[in-house]
Amino acid sequence: MRTIAILGATGSIGTQALDIVRRHPDQFRAGCLTAHGSSEKLFELVREFRPDVAALVDEPEAIPRDLRFCQWVFGPDSTVRALKASKAQDALCAIVGIAGLDAVWTALDVCERVLLANKEALVTGGDLVMTKAAEKGIPMLPVDSEHSAIFQCLQARQGNPVRRLLLTCSGGALRSWKKEDIYNATVKDVLAHPTWNMGGKITVDCASMVNKGLEVIEAHHLFNMPAGKIDVVVHPQSIVHSMIEFEDGAVLAQLGNPDMRGPIGYAMGYPARVPYDAKPLDFAALGHLDFAAPDAERFPALPMAVEALKAGGSAPVVLNGANEAAVGAFLREQIPFGRIPEIIREALNAIPVTPITCIADVYEADAKSRSVALRKLGMRNEE
Ligand code: NDP
Ligand code: MG
């Protein structure tokens with residue numbers, strides 16, 4: 001039996017993780033559930049899963065009488081305080097954005113294992129987080145489907161060097177759109193992801209291919225691979241979740257129907273595989289699997305992310321901060337979709353690369369990037 005803190009419990013990843021807990025009450029217990037402002041949703045989850053600690057960033061007017069059995073924590077640092085109080089063995093870090101970095105950092109101090117969905121924590125604090133994890137001997141188990149696929153393939157490595165990582169990419173909702181149409185795609189167009197059902201921010205990132213750029217950076221940190229050995233291939237069906245290539249040219253791939261409970265469950269149960277009602281792959285019905293090169297002309301954010309990774313230091317933090325600011329503005333329908341990559345480019349050009357030596361450096365670079373991005377967007381703050 002493992003006790004898990006589910007940080008971002010009301011989100012897409014959080015609720016799917018809880019579905020696995022629900023199916024295997026003999027193996028998993030949710031010791032801590034946290035959210036930002038979705039109090040009604042969290043109340044329901046606390047009622048069902050009965051954690052020791054629950055947290056909300058936004059304090060609700062009242063806690064229902066029947067939910068006062070657990071410890072409640074509120075405020076901007078509530079996730080971190082709840083995680084510490086819970087004494088959970090594992091932390092599933094499923095908060096979206098750099099807002100989840102503190103939780104990942106704390107999980108490395110107080111938990112035995114980190115189950116990582118929150119890719120922005122690695123994009124921004126990757127060197128610091130991975131160094132701390134290595135020093136403390138804490139496994140970082142990937143939840144992102146591509147990274148889980150690579151991690152699963154690596155189990156067969158037997159000490160052999162890996163020549164290349166191949167990240168697959170659905171191409172997002174605008175995969176086959178013309179360049180001029182992409183610029184003015186609406187929120188509704190962008191949120192209609194063809195294969196995965198996810199939170200709003202990551203769905204926008206998929207459509208702009210920023211997500212794949214963030215994932216290249218995430219893969220660099222998780223698997224200690226240089227940017228030049230990580231390739232992206234567009235694969236619209238999302239059946240091949242990613243691949244590794246050895247020096248003899250052999251490629252190992254991990255396949256399955258697109259269902260995040262696969263990679264979430266693999267991280268939760270690792271090294272054991274946790275059954276859920278996974279639909280078996282029907283190759284005959286699939287007929288064919290398609291692959292194509294990413295189109296840098298229509299989706300310029302992917303090469304920008306690779307460039308930021310190569311530049312190092314604060315560059316990935318700047319890329320991420322500008323993207324978070326721009327995606328927020330797009331979702332509030334304040335800017336056209338095509339402004340997102342432009343804003344990232346403008347922030348990268350405007351802010352010189354500085355070294356990142358501590359978490360405070362990360363937040364400084366992030367604040368600088370957001371302020372440049374918002375100024376270019378003609379806004380003073382995100383509200
Ligand atoms: P969602 O937006 O669906 O959920 C985010 C969760 O985090 C919610 O519980 C939300 O609470 C909470 N949250 C948001 N902001 C804060 C904050 N500032 N402080 C504390 N809690 C906060 O996101 P997803 O589940 O889609 O994604 C989570 C992470 O996992 C992201 O980093 C994403 O890139 C990654 N990921 C997601 C995949 C997916 O399939 N969804 C696939 C691969 C990676 P509330 O509901 O109250 O707002
Ligand atoms: Mg992914």
# chains A, B, ... in the order shown; residues from 1 in each chain; ligands from 1
call {"tool": "select_by_dssp", "arguments": {"residues": "stretch 12-260 of chain A", "states": "alpha helix (DSSP H)", "output": "MDAnalysis selection string"}}
result
chainID A and resid 12:23 39:49 78:86 101:110 119:136 145:154 179:183 187:191 200:208 210:223
call {"tool": "select_by_dssp", "arguments": {"residues": "stretch 113-253 of chain A", "states": "strand (DSSP E)", "output": "PyMOL selection string"}}
result
chain A and resi 113-116+140-142+162-169+230-234+240-246+251-253
call {"tool": "write_last_selection", "arguments": {"atoms": "N, CA and C atoms", "output": "JSON list (two decimals), in the first residue's frame"}}
result
[["chain", "number", "residue", "atom", "x", "y", "z"],
["A", 113, "ARG", "N", 9.31, 9.29, -3.63],
["A", 113, "ARG", "CA", 9.35, 9.30, -5.10],
["A", 113, "ARG", "C", 8.52, 10.47, -5.62],
["A", 114, "VAL", "N", 8.94, 10.99, -6.77],
["A", 114, "VAL", "CA", 8.18, 12.05, -7.43],
["A", 114, "VAL", "C", 7.62, 11.49, -8.74],
["A", 115, "LEU", "N", 6.31, 11.59, -8.90],
["A", 115, "LEU", "CA", 5.63, 11.19, -10.13],
["A", 115, "LEU", "C", 5.32, 12.49, -10.88],
["A", 116, "LEU", "N", 6.04, 12.73, -11.96],
["A", 116, "LEU", "CA", 6.04, 14.07, -12.54],
["A", 116, "LEU", "C", 5.19, 14.22, -13.80],
["A", 140, "MET", "N", 12.59, 10.12, -10.17],
["A", 140, "MET", "CA", 11.66, 11.03, -10.86],
["A", 140, "MET", "C", 10.96, 10.18, -11.91],
["A", 141, "LEU", "N", 9.75, 9.79, -11.65],
["A", 141, "LEU", "CA", 9.03, 8.89, -12.56],
["A", 141, "LEU", "C", 8.15, 9.72, -13.49],
["A", 142, "PRO", "N", 8.41, 9.64, -14.81],
["A", 142, "PRO", "CA", 7.65, 10.49, -15.74],
["A", 142, "PRO", "C", 6.20, 10.06, -15.90],
["A", 162, "VAL", "N", 22.16, 4.84, -25.58],
["A", 162, "VAL", "CA", 21.04, 5.19, -26.45],
["A", 162, "VAL", "C", 21.53, 6.27, -27.41],
["A", 163, "ARG", "N", 21.29, 6.07, -28.72],
["A", 163, "ARG", "CA", 21.80, 7.02, -29.72],
["A", 163, "ARG", "C", 20.85, 8.20, -29.90],
["A", 164, "ARG", "N", 19.55, 7.94, -29.74],
["A", 164, "ARG", "CA", 18.58, 9.00, -30.06],
["A", 164, "ARG", "C", 17.26, 8.73, -29.35],
["A", 165, "LEU", "N", 16.61, 9.79, -28.92],
["A", 165, "LEU", "CA", 15.24, 9.68, -28.42],
["A", 165, "LEU", "C", 14.33, 10.24, -29.51],
["A", 166, "LEU", "N", 13.22, 9.56, -29.75],
["A", 166, "LEU", "CA", 12.25, 10.03, -30.76],
["A", 166, "LEU", "C", 10.93, 10.30, -30.07],
["A", 167, "LEU", "N", 10.60, 11.59, -29.95],
["A", 167, "LEU", "CA", 9.34, 11.97, -29.31],
["A", 167, "LEU", "C", 8.27, 12.05, -30.38],
["A", 168, "THR", "N", 7.17, 11.37, -30.18],
["A", 168, "THR", "CA", 6.07, 11.51, -31.13],
["A", 168, "THR", "C", 5.17, 12.66, -30.71],
["A", 169, "CYS", "N", 4.39, 13.14, -31.67],
["A", 169, "CYS", "CA", 3.63, 14.37, -31.49],
["A", 169, "CYS", "C", 2.36, 14.25, -32.33],
["A", 230, "ILE", "N", 17.70, 14.42, -29.59],
["A", 230, "ILE", "CA", 16.26, 14.28, -29.36],
["A", 230, "ILE", "C", 15.53, 14.77, -30.60],
["A", 231, "ASP", "N", 14.83, 13.88, -31.26],
["A", 231, "ASP", "CA", 14.09, 14.25, -32.48],
["A", 231, "ASP", "C", 12.58, 14.16, -32.23],
["A", 232, "VAL", "N", 11.85, 14.94, -33.00],
["A", 232, "VAL", "CA", 10.38, 14.94, -32.91],
["A", 232, "VAL", "C", 9.81, 14.42, -34.22],
["A", 233, "VAL", "N", 8.83, 13.52, -34.13],
["A", 233, "VAL", "CA", 8.15, 13.05, -35.33],
["A", 233, "VAL", "C", 6.64, 13.18, -35.13],
["A", 234, "VAL", "N", 5.98, 13.77, -36.11],
["A", 234, "VAL", "CA", 4.52, 13.93, -36.03],
["A", 234, "VAL", "C", 3.87, 12.59, -36.33],
["A", 240, "VAL", "N", 1.84, 5.27, -31.17],
["A", 240, "VAL", "CA", 3.23, 5.11, -30.75],
["A", 240, "VAL", "C", 3.53, 6.29, -29.82],
["A", 241, "HIS", "N", 3.77, 6.00, -28.54],
["A", 241, "HIS", "CA", 3.89, 7.11, -27.58],
["A", 241, "HIS", "C", 5.26, 7.74, -27.53],
["A", 242, "SER", "N", 6.28, 7.04, -27.98],
["A", 242, "SER", "CA", 7.64, 7.55, -28.22],
["A", 242, "SER", "C", 8.58, 6.36, -28.38],
["A", 243, "MET", "N", 9.86, 6.65, -28.72],
["A", 243, "MET", "CA", 10.78, 5.59, -29.10],
["A", 243, "MET", "C", 12.21, 5.92, -28.66],
["A", 244, "ILE", "N", 13.02, 4.86, -28.55],
["A", 244, "ILE", "CA", 14.47, 5.07, -28.34],
["A", 244, "ILE", "C", 15.22, 4.29, -29.41],
["A", 245, "GLU", "N", 16.37, 4.82, -29.80],
["A", 245, "GLU", "CA", 17.18, 4.17, -30.84],
["A", 245, "GLU", "C", 18.55, 3.83, -30.25],
["A", 246, "PHE", "N", 18.99, 2.61, -30.51],
["A", 246, "PHE", "CA", 20.32, 2.18, -30.04],
["A", 246, "PHE", "C", 21.37, 2.37, -31.13],
["A", 251, "VAL", "N", 15.28, 0.27, -33.03],
["A", 251, "VAL", "CA", 14.39, 1.25, -32.39],
["A", 251, "VAL", "C", 13.37, 0.48, -31.54],
["A", 252, "LEU", "N", 13.23, 0.88, -30.28],
["A", 252, "LEU", "CA", 12.17, 0.32, -29.43],
["A", 252, "LEU", "C", 11.09, 1.38, -29.26],
["A", 253, "ALA", "N", 9.84, 0.96, -29.38],
["A", 253, "ALA", "CA", 8.72, 1.88, -29.23],
["A", 253, "ALA", "C", 7.76, 1.35, -28.17]]
call {"tool": "closest_residue", "arguments": {"among": "A:Gly378, A:Arg298, A:Ala17, A:Ile202", "to": "A:Glu180", "atoms": "only C-alpha atoms"}}
result
A:Arg298
call {"tool": "residues_near_ligand", "arguments": {"ligand": "ligand 1", "cutoff": "6 Å", "atoms": "only C-alpha atoms and all ligand atoms", "output": "list in words"}}
result
Gly8, Ala9, Thr10, Gly11, Ser12, Ile13, Gly14, Ala35, His36, Gly37, Ser38, Ala94, Ile95, Val96, Gly97, Ala99, Ala117, Asn118, Lys119, Glu120, Asp144, Met198, Gly199, Gly200, Ile202 and Met260 of chain A
call {"tool": "residues_near_ligand", "arguments": {"ligand": "ligand 2", "cutoff": "7 Å", "atoms": "only C-alpha atoms and all ligand atoms", "output": "PyMOL selection string"}}
result
chain A and resi 144-146+215
call {"tool": "write_last_selection", "arguments": {"atoms": "N, CA, C and O atoms", "output": "mmCIF file, in the first residue's frame"}}
result
data_model
loop_
_atom_site.group_PDB
_atom_site.id
_atom_site.type_symbol
_atom_site.label_atom_id
_atom_site.label_comp_id
_atom_site.auth_asym_id
_atom_site.auth_seq_id
_atom_site.Cartn_x
_atom_site.Cartn_y
_atom_site.Cartn_z
ATOM 1 N N ASP A 144 4.203 12.239 -18.163
ATOM 2 C CA ASP A 144 3.964 12.676 -19.540
ATOM 3 C C ASP A 144 4.072 11.431 -20.433
ATOM 4 O O ASP A 144 5.023 10.641 -20.283
ATOM 5 N N SER A 145 3.131 11.249 -21.355
ATOM 6 C CA SER A 145 3.045 9.956 -22.058
ATOM 7 C C SER A 145 4.308 9.633 -22.863
ATOM 8 O O SER A 145 4.761 8.484 -22.873
ATOM 9 N N GLU A 146 4.900 10.657 -23.502
ATOM 10 C CA GLU A 146 6.099 10.415 -24.312
ATOM 11 C C GLU A 146 7.264 9.977 -23.427
ATOM 12 O O GLU A 146 8.032 9.070 -23.773
ATOM 13 N N GLU A 215 8.490 19.464 -24.105
ATOM 14 C CA GLU A 215 8.789 18.034 -23.891
ATOM 15 C C GLU A 215 10.212 17.664 -24.313
ATOM 16 O O GLU A 215 10.809 16.759 -23.731
#
call {"tool": "residues_around", "arguments": {"residues": "A:Leu302", "least_positions_apart": "4", "cutoff": "8 Å", "atoms": "only C-alpha atoms", "output": "list in words"}}
result
Met209, Val210, Lys212, Gly213, Ala296 and Val306 of chain A
call {"tool": "residues_around", "arguments": {"residues": "A:Lys201", "least_positions_apart": "5", "cutoff": "9 Å", "atoms": "only C-alpha atoms", "output": "MDAnalysis selection string"}}
result
chainID A and resid 96:97 206 324 327:328 331
call {"tool": "write_last_selection", "arguments": {"atoms": "all heavy atoms", "output": "PDB file, in the first residue's frame"}}
result
ATOM      1  N   VAL A  96      -0.425  22.739 -13.039  1.00  0.00           N
ATOM      2  CA  VAL A  96      -0.022  23.213 -14.356  1.00  0.00           C
ATOM      3  C   VAL A  96       0.831  24.474 -14.239  1.00  0.00           C
ATOM      4  O   VAL A  96       0.564  25.337 -13.409  1.00  0.00           O
ATOM      5  CB  VAL A  96      -1.271  23.422 -15.260  1.00  0.00           C
ATOM      6  CG1 VAL A  96      -2.243  24.425 -14.683  1.00  0.00           C
ATOM      7  CG2 VAL A  96      -0.871  23.834 -16.668  1.00  0.00           C
ATOM      8  N   GLY A  97       1.925  24.504 -15.019  1.00  0.00           N
ATOM      9  CA  GLY A  97       2.754  25.700 -15.093  1.00  0.00           C
ATOM     10  C   GLY A  97       3.858  25.745 -14.053  1.00  0.00           C
ATOM     11  O   GLY A  97       3.996  24.843 -13.213  1.00  0.00           O
ATOM     12  N   CYS A 206      -0.343  22.217 -27.223  1.00  0.00           N
ATOM     13  CA  CYS A 206      -0.274  21.185 -28.272  1.00  0.00           C
ATOM     14  C   CYS A 206      -0.526  21.814 -29.633  1.00  0.00           C
ATOM     15  O   CYS A 206       0.163  21.509 -30.607  1.00  0.00           O
ATOM     16  CB  CYS A 206      -1.305  20.084 -28.031  1.00  0.00           C
ATOM     17  SG  CYS A 206      -0.830  18.992 -26.700  1.00  0.00           S
ATOM     18  N   GLU A 324       3.399  31.103 -20.934  1.00  0.00           N
ATOM     19  CA  GLU A 324       2.307  31.079 -19.944  1.00  0.00           C
ATOM     20  C   GLU A 324       1.506  32.388 -19.988  1.00  0.00           C
ATOM     21  O   GLU A 324       0.268  32.373 -19.933  1.00  0.00           O
ATOM     22  CB  GLU A 324       2.843  30.803 -18.534  1.00  0.00           C
ATOM     23  CG  GLU A 324       3.289  29.353 -18.360  1.00  0.00           C
ATOM     24  CD  GLU A 324       3.521  28.957 -16.897  1.00  0.00           C
ATOM     25  OE1 GLU A 324       2.934  29.568 -15.985  1.00  0.00           O
ATOM     26  OE2 GLU A 324       4.289  27.992 -16.680  1.00  0.00           O
ATOM     27  N   VAL A 327      -0.480  32.369 -23.386  1.00  0.00           N
ATOM     28  CA  VAL A 327      -1.585  31.395 -23.396  1.00  0.00           C
ATOM     29  C   VAL A 327      -2.736  31.895 -22.518  1.00  0.00           C
ATOM     30  O   VAL A 327      -3.910  31.779 -22.904  1.00  0.00           O
ATOM     31  CB  VAL A 327      -1.100  29.991 -22.931  1.00  0.00           C
ATOM     32  CG1 VAL A 327      -2.275  29.056 -22.697  1.00  0.00           C
ATOM     33  CG2 VAL A 327      -0.154  29.394 -23.961  1.00  0.00           C
ATOM     34  N   GLY A 328      -2.407  32.478 -21.371  1.00  0.00           N
ATOM     35  CA  GLY A 328      -3.445  33.044 -20.501  1.00  0.00           C
ATOM     36  C   GLY A 328      -4.248  34.098 -21.260  1.00  0.00           C
ATOM     37  O   GLY A 328      -5.485  34.097 -21.244  1.00  0.00           O
ATOM     38  N   LEU A 331      -6.453  32.455 -23.947  1.00  0.00           N
ATOM     39  CA  LEU A 331      -7.637  31.783 -23.390  1.00  0.00           C
ATOM     40  C   LEU A 331      -8.686  32.787 -22.912  1.00  0.00           C
ATOM     41  O   LEU A 331      -9.870  32.480 -22.880  1.00  0.00           O
ATOM     42  CB  LEU A 331      -7.233  30.833 -22.249  1.00  0.00           C
ATOM     43  CG  LEU A 331      -6.566  29.517 -22.696  1.00  0.00           C
ATOM     44  CD1 LEU A 331      -6.008  28.758 -21.496  1.00  0.00           C
ATOM     45  CD2 LEU A 331      -7.552  28.633 -23.471  1.00  0.00           C
TER      46      LEU A 331
END
call {"tool": "residues_around", "arguments": {"residues": "A:Leu42", "least_positions_apart": "2", "cutoff": "12 Å", "atoms": "only C-alpha atoms", "output": "tab-separated table (two decimals) with C-alpha atoms, in the first residue's frame"}}
result
chain	number	residue	atom	x	y	z
A	6	ILE	CA	-2.16	14.20	-5.55
A	7	LEU	CA	-1.19	17.81	-6.21
A	8	GLY	CA	-3.61	19.27	-8.73
A	9	ALA	CA	-6.25	16.67	-7.81
A	10	THR	CA	-9.13	18.40	-9.60
A	11	GLY	CA	-7.34	18.57	-12.97
A	14	GLY	CA	-5.32	14.43	-10.99
A	15	THR	CA	-8.78	13.00	-11.60
A	18	LEU	CA	-7.77	9.14	-8.65
A	32	CYS	CA	-3.31	14.53	0.32
A	33	LEU	CA	-5.48	16.26	-2.29
A	34	THR	CA	-4.87	19.82	-3.46
A	35	ALA	CA	-6.39	22.31	-5.91
A	36	HIS	CA	-6.36	26.01	-6.70
A	37	GLY	CA	-9.95	27.26	-6.60
A	38	SER	CA	-12.23	24.37	-7.61
A	39	SER	CA	-13.60	23.97	-4.09
A	40	GLU	CA	-16.82	22.10	-4.96
A	44	GLU	CA	-16.46	15.77	-3.73
A	45	LEU	CA	-13.02	14.17	-3.99
A	46	VAL	CA	-12.31	14.59	-0.28
A	47	ARG	CA	-15.70	13.04	0.50
A	48	GLU	CA	-14.85	10.00	-1.62
A	49	PHE	CA	-11.11	9.52	-0.94
A	50	ARG	CA	-10.89	10.73	2.67
A	51	PRO	CA	-7.29	12.10	2.63
A	53	VAL	CA	-4.82	16.67	4.37
A	54	ALA	CA	-6.52	18.81	1.73
A	55	ALA	CA	-5.52	22.21	0.35
A	56	LEU	CA	-7.01	25.06	-1.66
A	57	VAL	CA	-5.10	28.15	-2.75
A	58	ASP	CA	-8.36	30.15	-2.69
A	60	PRO	CA	-13.65	28.87	0.40
A	63	ILE	CA	-15.81	23.70	4.71
A	64	PRO	CA	-18.83	21.37	4.69
A	67	LEU	CA	-15.44	17.15	5.56
A	72	TRP	CA	-7.44	21.83	5.66
call {"tool": "residues_around", "arguments": {"residues": "A:Gly287", "least_positions_apart": "5", "cutoff": "12 Å", "atoms": "only C-alpha atoms", "output": "PyMOL selection string"}}
result
chain A and resi 237+281-282
call {"tool": "write_last_selection", "arguments": {"atoms": "all heavy atoms", "output": "compact mmCIF listing (two decimals), in the first residue's frame"}}
result
# COMPACT_ATOMS: atom_id res chain seq x y z
N GLN A 237 -2.03 9.64 -35.03
CA GLN A 237 -2.92 8.72 -34.31
C GLN A 237 -2.60 8.61 -32.81
O GLN A 237 -3.38 8.01 -32.06
CB GLN A 237 -2.84 7.32 -34.94
CG GLN A 237 -3.40 7.24 -36.36
CD GLN A 237 -2.32 7.35 -37.44
OE1 GLN A 237 -1.19 7.75 -37.16
NE2 GLN A 237 -2.67 7.01 -38.65
N LEU A 281 -5.20 -2.68 -28.15
CA LEU A 281 -4.90 -2.15 -29.49
C LEU A 281 -5.40 -3.14 -30.53
O LEU A 281 -5.10 -4.33 -30.45
CB LEU A 281 -3.40 -1.98 -29.67
CG LEU A 281 -2.79 -0.61 -29.44
CD1 LEU A 281 -1.32 -0.63 -29.87
CD2 LEU A 281 -3.54 0.48 -30.19
N ASP A 282 -6.12 -2.64 -31.51
CA ASP A 282 -6.61 -3.48 -32.59
C ASP A 282 -5.87 -3.05 -33.87
O ASP A 282 -6.28 -2.11 -34.55
CB ASP A 282 -8.13 -3.29 -32.73
CG ASP A 282 -8.74 -4.18 -33.81
OD1 ASP A 282 -7.98 -4.67 -34.67
OD2 ASP A 282 -9.97 -4.36 -33.79
call {"tool": "atom_distance", "arguments": {"atom1": "atom CA of A:Lys179", "atom2": "atom CA of A:Ala219"}}
result
28.1 Å
call {"tool": "residues_around", "arguments": {"residues": "stretch 288-290 of chain A", "least_positions_apart": "5", "cutoff": "8 Å", "atoms": "only C-alpha atoms", "output": "ChimeraX atom specification"}}
result
/A:235-237,239,283
call {"tool": "atom_distance", "arguments": {"atom1": "atom CA of A:Ser78", "atom2": "atom CA of A:Ile264"}}
result
23.8 Å
call {"tool": "closest_residue", "arguments": {"among": "A:Gly269, A:Thr186, A:Val317, A:Pro76", "to": "A:Tyr363", "atoms": "only C-alpha atoms"}}
result
A:Val317
call {"tool": "closest_residue", "arguments": {"among": "A:Val110, A:Met379, A:Ile356, A:Leu83", "to": "A:Leu128", "atoms": "only C-alpha atoms"}}
result
A:Ile356
call {"tool": "atom_distance", "arguments": {"atom1": "atom CA of A:Arg339", "atom2": "atom CA of A:Val204"}}
result
12.5 Å
call {"tool": "closest_residue", "arguments": {"among": "A:Ser148, A:Gln71, A:Gln254, A:Thr124", "to": "A:Gly312", "atoms": "only C-alpha atoms"}}
result
A:Thr124
